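Student: Input entry-v1.txt, format and content: compact mmCIF, C-alpha atoms.
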# COMPACT_ATOMS: atom_id res chain seq x y z
CA MET A 14 0.00 0.00 0.00
CA MET A 15 2.71 2.48 1.00
CA SER A 16 4.63 1.81 -2.20
CA LEU A 17 1.63 2.68 -4.40
CA PRO A 18 2.53 6.39 -4.84
CA PHE A 19 6.01 5.39 -6.02
CA VAL A 20 4.50 2.89 -8.46
CA LEU A 21 2.16 5.52 -9.89
CA PHE A 22 4.92 8.14 -10.19
CA ALA A 23 7.22 5.60 -11.87
CA CYS A 24 4.45 4.74 -14.36
CA GLY A 25 4.01 8.45 -14.99
CA LEU A 26 7.72 8.84 -15.70
CA GLY A 27 7.51 5.99 -18.17
CA ALA A 28 4.55 7.63 -19.90
CA ALA A 29 6.42 10.94 -20.06
CA TRP A 30 9.39 9.22 -21.64
CA LEU A 31 7.01 7.83 -24.29
CA ARG A 32 5.73 11.42 -24.86
CA GLN A 33 2.29 10.60 -23.45
CA ARG A 34 1.91 13.83 -21.51
CA GLU A 35 -1.75 13.47 -20.53
CA VAL A 36 -1.21 9.89 -19.34
CA ALA A 37 1.83 11.01 -17.35
CA LEU A 38 -0.14 13.79 -15.68
CA GLY A 39 -2.92 11.30 -14.95
CA PHE A 40 -0.51 8.97 -13.17
CA TRP A 41 0.97 11.94 -11.28
CA THR A 42 -2.49 13.10 -10.16
CA ALA A 43 -3.40 9.60 -9.02
CA GLY A 44 -0.09 9.33 -7.18
CA LEU A 45 -0.64 12.63 -5.39
CA VAL A 46 -4.18 11.65 -4.36
CA VAL A 47 -2.92 8.33 -2.97
CA LEU A 48 -0.07 10.17 -1.23
CA LEU A 49 -2.51 12.53 0.49
CA ALA A 50 -4.84 9.65 1.42
CA LEU A 51 -1.93 7.79 3.01
CA PHE A 52 -0.92 10.97 4.83
CA ARG A 53 -4.45 11.19 6.22
CA ALA A 54 -4.18 7.57 7.38
CA HIS A 55 -0.87 8.27 9.16
CA TYR A 56 -1.75 11.79 10.31
CA GLY A 57 -1.60 10.99 14.00
CA ASP A 58 1.41 8.65 14.02
CA ALA A 59 3.81 8.99 16.90
CA LEU A 60 1.49 11.40 18.67
CA ASN A 61 2.60 10.08 22.03
CA ILE A 62 2.91 13.16 24.16
CA ALA A 63 2.62 12.75 27.89
CA LEU A 64 1.46 16.03 29.44
CA MET B 4 15.72 33.00 -20.43
CA PRO B 5 17.24 30.94 -23.23
CA SER B 6 16.00 27.36 -23.35
CA ASP B 7 19.57 26.11 -22.80
CA LEU B 8 19.75 27.92 -19.46
CA SER B 9 16.27 26.69 -18.56
CA ARG B 10 17.34 23.13 -19.31
CA LEU B 11 20.52 23.52 -17.26
CA LEU B 12 18.66 24.90 -14.24
CA ASN B 13 15.99 22.20 -14.47
CA ALA B 14 18.66 19.51 -14.74
CA LEU B 15 20.50 20.92 -11.71
CA GLY B 16 17.23 21.04 -9.77
CA LEU B 17 16.55 17.41 -10.56
CA VAL B 18 20.11 16.48 -9.58
CA ALA B 19 19.52 18.19 -6.23
CA ILE B 20 16.36 16.14 -5.65
CA ASP B 21 18.19 12.98 -6.76
CA THR B 22 20.90 13.78 -4.21
CA LEU B 23 18.40 14.26 -1.39
CA LEU B 24 16.71 10.94 -2.14
CA ALA B 25 20.07 9.17 -2.47
CA LEU B 26 21.18 10.58 0.91
CA ALA B 27 17.95 9.26 2.44
CA PHE B 28 18.80 5.83 1.05
CA ILE B 29 22.34 6.06 2.47
CA ASP B 30 20.92 6.99 5.87
CA GLN B 31 18.55 4.02 5.68
CA LEU B 32 20.99 1.41 4.41
CA TRP B 33 24.32 2.50 5.90
CA PHE B 34 23.23 3.96 9.25
CA ARG B 35 20.25 1.57 9.68
CA ASP B 36 17.91 4.54 10.18
CA LEU B 37 14.65 3.01 8.99
CA PRO B 38 12.13 5.54 7.67
CA CYS B 39 8.79 5.99 9.40
CA PRO B 40 5.59 6.00 7.30
CA VAL B 41 5.45 9.80 7.17
CA CYS B 42 9.14 9.87 6.20
CA ILE B 43 8.33 7.55 3.28
CA LEU B 44 5.53 9.90 2.23
CA GLN B 45 8.02 12.79 2.22
CA ARG B 46 10.23 10.81 -0.13
CA ALA B 47 7.21 10.25 -2.38
CA ALA B 48 6.48 13.98 -2.27
CA PHE B 49 10.03 14.75 -3.40
CA ILE B 50 9.39 12.48 -6.37
CA ALA B 51 6.03 14.21 -6.98
CA ALA B 52 7.84 17.56 -7.02
CA GLY B 53 10.69 16.30 -9.19
CA PHE B 54 8.13 14.87 -11.61
CA GLY B 55 7.37 18.35 -12.94
CA ILE B 56 11.07 19.03 -13.50
CA ALA B 57 11.38 15.71 -15.31
CA LEU B 58 8.44 16.70 -17.53
CA ASN B 59 10.25 19.95 -18.34
CA LEU B 60 13.35 18.02 -19.35
CA VAL B 61 11.55 15.39 -21.42
CA LEU B 62 8.66 17.31 -22.97
CA GLY B 63 9.89 20.90 -22.82
CA PRO B 64 9.19 23.61 -20.25
CA ARG B 65 5.57 24.54 -19.59
CA PRO B 66 3.98 26.55 -16.77
CA SER B 67 1.83 23.52 -15.89
CA HIS B 68 4.96 21.45 -15.30
CA TYR B 69 6.16 24.01 -12.76
CA GLY B 70 2.65 23.78 -11.26
CA VAL B 71 3.18 20.04 -10.84
CA THR B 72 6.45 20.75 -9.04
CA ILE B 73 4.90 23.37 -6.76
CA LEU B 74 1.90 21.20 -5.84
CA GLY B 75 4.12 18.22 -5.07
CA ALA B 76 6.39 20.37 -2.92
CA VAL B 77 3.46 21.97 -1.08
CA ALA B 78 2.08 18.50 -0.27
CA GLY B 79 5.52 17.40 0.94
CA GLY B 80 6.00 20.58 2.95
CA ALA B 81 2.69 20.01 4.70
CA ILE B 82 3.69 16.45 5.58
CA ALA B 83 7.13 17.51 6.84
CA LEU B 84 5.63 20.37 8.83
CA ARG B 85 3.14 18.00 10.42
CA GLN B 86 5.97 15.72 11.53
CA MET B 87 7.92 18.67 12.92
CA LEU B 88 4.85 19.76 14.92
CA LEU B 89 4.44 16.23 16.32
CA TYR B 90 7.75 16.65 18.12
CA ILE B 91 7.72 20.37 18.85
CA VAL B 92 6.58 19.99 22.45
CA PRO B 93 9.62 19.62 24.74
CA GLY B 94 9.95 16.05 25.91
CA SER B 95 7.89 14.62 23.06
CA GLY B 96 10.93 12.97 21.52
CA SER B 97 11.97 12.87 17.90
CA TYR B 98 12.43 10.36 15.10
CA GLY B 99 15.63 9.26 13.43
CA ASN B 100 19.15 10.58 13.32
CA GLU B 101 20.21 14.20 13.27
CA VAL B 102 22.15 15.56 10.31
CA PHE B 103 24.03 18.82 10.98
CA GLY B 104 21.88 19.44 14.04
CA MET B 105 18.48 18.92 12.47
CA HIS B 106 16.34 15.87 11.82
CA LEU B 107 15.63 14.74 8.29
CA TYR B 108 12.03 15.97 8.37
CA SER B 109 13.26 19.48 9.22
CA TRP B 110 15.70 19.36 6.31
CA ALA B 111 12.89 18.01 4.11
CA PHE B 112 10.68 20.98 5.00
CA ILE B 113 13.49 23.37 4.05
CA GLY B 114 13.98 21.43 0.81
CA PHE B 115 10.29 21.71 -0.10
CA VAL B 116 10.28 25.45 0.58
CA VAL B 117 13.35 25.88 -1.64
CA ILE B 118 11.64 23.90 -4.42
CA VAL B 119 8.51 26.07 -4.27
CA VAL B 120 10.55 29.28 -4.34
CA GLY B 121 12.80 28.00 -7.12
CA ALA B 122 9.86 26.91 -9.30
CA ALA B 123 8.11 30.23 -8.72
CA ILE B 124 11.24 32.13 -9.78
CA MET B 125 11.56 29.97 -12.90
CA LEU B 126 7.99 30.88 -13.84
CA PHE B 127 9.06 34.52 -14.21
CA TYR B 128 11.13 33.69 -17.30
CA ASP B 129 8.51 33.64 -20.04
CA ARG B 130 10.91 33.20 -22.94
CA GLN B 131 11.63 29.60 -22.02
CA PHE B 132 8.03 28.71 -22.93
CA GLY B 133 8.08 30.19 -26.41
CA ARG B 134 9.73 27.54 -28.49
CA GLY B 135 7.85 24.50 -27.30
CA GLU B 136 10.80 22.34 -28.27
CA PRO B 137 11.08 19.07 -26.36
CA LEU B 138 14.39 19.35 -24.59
CA SER B 139 14.87 15.61 -24.83
CA SER B 140 15.60 16.09 -28.53
CA ARG B 141 19.02 17.28 -27.41
CA LEU B 142 19.67 15.36 -24.21
CA ASP B 143 23.09 16.13 -22.77
CA ALA B 144 24.94 14.03 -20.24
CA LEU B 145 23.80 16.04 -17.22
CA THR B 146 20.13 15.90 -18.23
CA LEU B 147 20.24 12.22 -19.03
CA THR B 148 22.04 11.43 -15.77
CA ALA B 149 19.51 13.44 -13.78
CA LEU B 150 16.56 11.68 -15.46
CA VAL B 151 17.99 8.18 -15.18
CA THR B 152 18.96 8.69 -11.53
CA PHE B 153 15.49 10.06 -10.80
CA ALA B 154 13.88 6.98 -12.35
CA VAL B 155 16.25 4.70 -10.42
CA VAL B 156 15.48 6.28 -7.04
CA ALA B 157 11.74 6.19 -7.80
CA VAL B 158 11.88 2.48 -8.61
CA GLY B 159 14.30 1.90 -5.72
CA ASN B 160 11.77 3.40 -3.32
CA ILE B 161 9.12 0.96 -4.58
CA PHE B 162 11.28 -2.00 -3.52
CA SER B 163 12.54 -0.33 -0.35
CA THR B 164 8.99 0.38 0.80
CA LEU B 165 7.84 -3.11 -0.13
CA PHE B 166 10.67 -4.66 1.91
CA LEU B 167 9.95 -2.32 4.82
CA CYS B 168 6.15 -2.45 4.92
CA GLY B 169 5.04 -5.35 2.77
CA LEU B 170 1.77 -4.85 0.94
CA GLY B 171 -0.03 -3.13 3.81
CA PHE B 172 0.55 -0.11 6.01
CA CYS B 173 3.89 0.48 7.70
CA PRO B 174 4.37 0.22 11.45
CA GLU B 175 4.62 3.62 13.15
CA ALA B 176 8.22 2.99 14.18
CA PRO B 177 9.65 0.18 12.06
CA VAL B 178 12.39 -1.90 13.68
CA GLY B 179 13.17 -4.15 10.73
CA TYR B 180 12.22 -5.23 7.27
CA VAL B 181 8.99 -7.19 6.81
CA LEU B 182 10.19 -9.02 3.69
Show me, as structure tokens, the structure contained in the file I just sent.
Tutor:
Amino acid sequence: MMSLPFVLFACGLGAAWLRQREVALGFWTAGLVVLLALFRAHYGDALNIAL
Amino acid sequence: MPSDLSRLLNALGLVAIDTLLALAFIDQLWFRDLPCPVCILQRAAFIAAGFGIALNLVLGPRPSHYGVTILGAVAGGAIALRQMLLYIVPGSGSYGNEVFGMHLYSWAFIGFVVIVVGAAIMLFYDRQFGRGEPLSSRLDALTLTALVTFAVVAVGNIFSTLFLCGLGFCPEAPVGYVL
């Protein structure tokens, strides 16, 4: 799951190399959305503050 | 700005991001400093930001490519800032090794800010957008090295994250590799 953004960005790089700009931007957008969703899932990690 | 100078600055920017990601790998593999889940997301955000620079180098400079870079860096900056705030209360600890007196997430935040400022400055130079010539038609050694290294670190992070977390979510403070 955590490697999914890297997979999507790597696919986007491959599409860019093949001059498929729209496909590349699509992979990038999907990667960013997954990245932000994973950030939301880990938002409170290590919040272990004893007051 | 002549397109040659634009290409050089984009290539140098991508080399800088490559270097940051390579240093993170060195810290992980050499110093056994395993990345936390949010640290991994910051690496992904560096790749999201560098993606726009790579598009400039392969397809030619466009304002939208700088937008890609800025959005990726803003996302990464938010993630790094969140991690800094997690540990800002005295006695709340920290995560990972220090490098030159600051933790990697603090350096990452500075890196993301520099990327946003750099991309914004590059957007001022309108002449680079005029020719619409794909820069990859004249790839020099620096550009090719930057692109290949960027692809290698992106793919390397896929395997690194798989070994560290498997197919699910990562533990909050990983102590070893799952695979």
Student: Do me a favour and pick out the residues of chain B within 7 Å of chain A, using only C-alpha atoms, as a short mmCIF file (atom, residue, chain, number, x, y, z; two decimals) with C-alpha atoms, in the coordinates of the input.
Tutor:
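Just written: result_15.cif:
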data_model
loop_
_atom_site.label_atom_id
_atom_site.label_comp_id
_atom_site.auth_asym_id
_atom_site.auth_seq_id
_atom_site.Cartn_x
_atom_site.Cartn_y
_atom_site.Cartn_z
CA VAL B 41 5.45 9.80 7.17
CA LEU B 44 5.53 9.90 2.23
CA ALA B 47 7.21 10.25 -2.38
CA ALA B 51 6.03 14.21 -6.98
CA LEU B 58 8.44 16.70 -17.53
CA VAL B 61 11.55 15.39 -21.42
CA LEU B 62 8.66 17.31 -22.97
CA LEU B 89 4.44 16.23 16.32
CA SER B 95 7.89 14.62 23.06
CA ALA B 154 13.88 6.98 -12.35
CA ALA B 157 11.74 6.19 -7.80
CA VAL B 158 11.88 2.48 -8.61
CA ASN B 160 11.77 3.40 -3.32
CA ILE B 161 9.12 0.96 -4.58
CA THR B 164 8.99 0.38 0.80
CA LEU B 165 7.84 -3.11 -0.13
CA LEU B 170 1.77 -4.85 0.94
CA GLY B 171 -0.03 -3.13 3.81
CA PHE B 172 0.55 -0.11 6.01
CA GLU B 175 4.62 3.62 13.15
#
Student: Excluding region 14-25 of chain B and residues on its chain fewer than 2 positions from it, collect all residues at most 8 Å away from it, counting all atoms listed in the file, and give them as an MDAnalysis selection string.
Tutor: chainID B and resid 10:12 27:29 46 49:50 53 56:57 60 145:146 149:150 152:153 156
Student: Would you write out those residues with C-alpha atoms, as a short mmCIF file (atom, residue, chain, number, x, y, z; two decimals), in the coordinates of the input?
Tutor:
data_model
loop_
_atom_site.label_atom_id
_atom_site.label_comp_id
_atom_site.auth_asym_id
_atom_site.auth_seq_id
_atom_site.Cartn_x
_atom_site.Cartn_y
_atom_site.Cartn_z
CA ARG B 10 17.34 23.13 -19.31
CA LEU B 11 20.52 23.52 -17.26
CA LEU B 12 18.66 24.90 -14.24
CA ALA B 27 17.95 9.26 2.44
CA PHE B 28 18.80 5.83 1.05
CA ILE B 29 22.34 6.06 2.47
CA ARG B 46 10.23 10.81 -0.13
CA PHE B 49 10.03 14.75 -3.40
CA ILE B 50 9.39 12.48 -6.37
CA GLY B 53 10.69 16.30 -9.19
CA ILE B 56 11.07 19.03 -13.50
CA ALA B 57 11.38 15.71 -15.31
CA LEU B 60 13.35 18.02 -19.35
CA LEU B 145 23.80 16.04 -17.22
CA THR B 146 20.13 15.90 -18.23
CA ALA B 149 19.51 13.44 -13.78
CA LEU B 150 16.56 11.68 -15.46
CA THR B 152 18.96 8.69 -11.53
CA PHE B 153 15.49 10.06 -10.80
CA VAL B 156 15.48 6.28 -7.04
#
Student: Please indicate the distance in Å from CA of Leu8 (chain B) to CA of Asp129 (chain B), rounded to one decimal place.
Tutor: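 Taking CA of Leu8 (chain B) as the start and CA of Asp129 (chain B) as the end point, the length is 12.6 Å.
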Student: Considering all atoms listed in the file, return as a list in words whatever protein or nucleic-acid residues lie within 7 Å of region 67-78 of chain B, sequence-local ones (same chain, fewer than 2 positions apart) excluded.
Tutor: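 Listing them by chain and then by number gives Ala48, Phe49, Ala51, Ala52, Gly53, Phe54, Gly55, Ile56, Leu58, Asn59, Pro64, Arg65, Gly80, Ala81, Ile82, Phe115, Ile118, Val119 and Ala122 of chain B.
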Student: Go ahead and compute the interatomic distance for CA of Pro66 (chain B) and CA of Leu126 (chain B), in Å to one decimal.
Tutor: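 We find that CA of Pro66 (chain B) and CA of Leu126 (chain B) lie 6.6 Å from each other.
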Student: Can you tell me how far CA of Gly99 (chain B) sits from CA of Val120 (chain B), in Å to one decimal?
Tutor: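 Distance between the two atoms: 27.2 Å.
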Student: Which one of B:Gln45, B:Ile91, B:Asp143, B:Ala176 sits closest to Gly114 (chain B) if you count all atoms listed in the file?
Tutor: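 Nearest to Gly114 (chain B): B:Gln45.
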Student: Val102 (chain B): which residues within 12 Å, counting only C-alpha atoms, same-chain residues fewer than 6 positions away excluded, as an MDAnalysis selection string?
Tutor: chainID B and resid 26:27 30 34 36 108:111
Student: Could you please fill out region 39-61 of chain A with N, CA and C atoms and send it back as a PDB file, in the coordinates of the input?
Tutor:
ATOM      1  N   GLY A  39      -1.910  12.112 -15.619  1.00  0.00           N
ATOM      2  CA  GLY A  39      -2.920  11.300 -14.950  1.00  0.00           C
ATOM      3  C   GLY A  39      -2.318  10.429 -13.861  1.00  0.00           C
ATOM      4  N   PHE A  40      -1.201   9.788 -14.180  1.00  0.00           N
ATOM      5  CA  PHE A  40      -0.510   8.970 -13.170  1.00  0.00           C
ATOM      6  C   PHE A  40      -0.035   9.857 -12.012  1.00  0.00           C
ATOM      7  N   TRP A  41       0.483  11.035 -12.342  1.00  0.00           N
ATOM      8  CA  TRP A  41       0.970  11.940 -11.280  1.00  0.00           C
ATOM      9  C   TRP A  41      -0.178  12.341 -10.366  1.00  0.00           C
ATOM     10  N   THR A  42      -1.328  12.693 -10.964  1.00  0.00           N
ATOM     11  CA  THR A  42      -2.490  13.100 -10.160  1.00  0.00           C
ATOM     12  C   THR A  42      -2.937  11.955  -9.250  1.00  0.00           C
ATOM     13  N   ALA A  43      -3.009  10.753  -9.823  1.00  0.00           N
ATOM     14  CA  ALA A  43      -3.400   9.600  -9.020  1.00  0.00           C
ATOM     15  C   ALA A  43      -2.403   9.364  -7.888  1.00  0.00           C
ATOM     16  N   GLY A  44      -1.120   9.511  -8.200  1.00  0.00           N
ATOM     17  CA  GLY A  44      -0.090   9.330  -7.180  1.00  0.00           C
ATOM     18  C   GLY A  44      -0.218  10.346  -6.058  1.00  0.00           C
ATOM     19  N   LEU A  45      -0.511  11.597  -6.423  1.00  0.00           N
ATOM     20  CA  LEU A  45      -0.640  12.630  -5.390  1.00  0.00           C
ATOM     21  C   LEU A  45      -1.870  12.388  -4.520  1.00  0.00           C
ATOM     22  N   VAL A  46      -2.965  11.941  -5.136  1.00  0.00           N
ATOM     23  CA  VAL A  46      -4.180  11.650  -4.360  1.00  0.00           C
ATOM     24  C   VAL A  46      -3.913  10.507  -3.378  1.00  0.00           C
ATOM     25  N   VAL A  47      -3.251   9.462  -3.860  1.00  0.00           N
ATOM     26  CA  VAL A  47      -2.920   8.330  -2.970  1.00  0.00           C
ATOM     27  C   VAL A  47      -1.983   8.797  -1.854  1.00  0.00           C
ATOM     28  N   LEU A  48      -1.013   9.636  -2.221  1.00  0.00           N
ATOM     29  CA  LEU A  48      -0.070  10.170  -1.230  1.00  0.00           C
ATOM     30  C   LEU A  48      -0.818  10.911  -0.120  1.00  0.00           C
ATOM     31  N   LEU A  49      -1.767  11.763  -0.512  1.00  0.00           N
ATOM     32  CA  LEU A  49      -2.510  12.530   0.490  1.00  0.00           C
ATOM     33  C   LEU A  49      -3.432  11.628   1.311  1.00  0.00           C
ATOM     34  N   ALA A  50      -4.000  10.598   0.670  1.00  0.00           N
ATOM     35  CA  ALA A  50      -4.840   9.650   1.420  1.00  0.00           C
ATOM     36  C   ALA A  50      -4.011   8.889   2.445  1.00  0.00           C
ATOM     37  N   LEU A  51      -2.807   8.490   2.062  1.00  0.00           N
ATOM     38  CA  LEU A  51      -1.930   7.790   3.010  1.00  0.00           C
ATOM     39  C   LEU A  51      -1.486   8.721   4.133  1.00  0.00           C
ATOM     40  N   PHE A  52      -1.268   9.987   3.794  1.00  0.00           N
ATOM     41  CA  PHE A  52      -0.920  10.970   4.830  1.00  0.00           C
ATOM     42  C   PHE A  52      -2.065  11.090   5.835  1.00  0.00           C
ATOM     43  N   ARG A  53      -3.293  11.119   5.323  1.00  0.00           N
ATOM     44  CA  ARG A  53      -4.450  11.190   6.220  1.00  0.00           C
ATOM     45  C   ARG A  53      -4.490   9.967   7.138  1.00  0.00           C
ATOM     46  N   ALA A  54      -4.151   8.799   6.576  1.00  0.00           N
ATOM     47  CA  ALA A  54      -4.180   7.570   7.380  1.00  0.00           C
ATOM     48  C   ALA A  54      -3.103   7.590   8.463  1.00  0.00           C
ATOM     49  N   HIS A  55      -1.985   8.259   8.195  1.00  0.00           N
ATOM     50  CA  HIS A  55      -0.870   8.270   9.160  1.00  0.00           C
ATOM     51  C   HIS A  55      -0.764   9.620   9.869  1.00  0.00           C
ATOM     52  N   TYR A  56      -1.816  10.408   9.817  1.00  0.00           N
ATOM     53  CA  TYR A  56      -1.750  11.790  10.310  1.00  0.00           C
ATOM     54  C   TYR A  56      -1.351  11.863  11.785  1.00  0.00           C
ATOM     55  N   GLY A  57      -1.831  10.909  12.568  1.00  0.00           N
ATOM     56  CA  GLY A  57      -1.600  10.990  14.000  1.00  0.00           C
ATOM     57  C   GLY A  57      -0.476  10.091  14.510  1.00  0.00           C
ATOM     58  N   ASP A  58       0.312   9.549  13.601  1.00  0.00           N
ATOM     59  CA  ASP A  58       1.410   8.650  14.020  1.00  0.00           C
ATOM     60  C   ASP A  58       2.340   9.332  15.010  1.00  0.00           C
ATOM     61  N   ALA A  59       2.799   8.552  15.942  1.00  0.00           N
ATOM     62  CA  ALA A  59       3.810   8.990  16.900  1.00  0.00           C
ATOM     63  C   ALA A  59       3.337  10.144  17.768  1.00  0.00           C
ATOM     64  N   LEU A  60       2.015  10.356  17.806  1.00  0.00           N
ATOM     65  CA  LEU A  60       1.490  11.400  18.670  1.00  0.00           C
ATOM     66  C   LEU A  60       1.379  10.846  20.085  1.00  0.00           C
ATOM     67  N   ASN A  61       2.521  10.749  20.734  1.00  0.00           N
ATOM     68  CA  ASN A  61       2.600  10.080  22.030  1.00  0.00           C
ATOM     69  C   ASN A  61       3.185  11.051  23.023  1.00  0.00           C
TER      70      ASN A  61
END
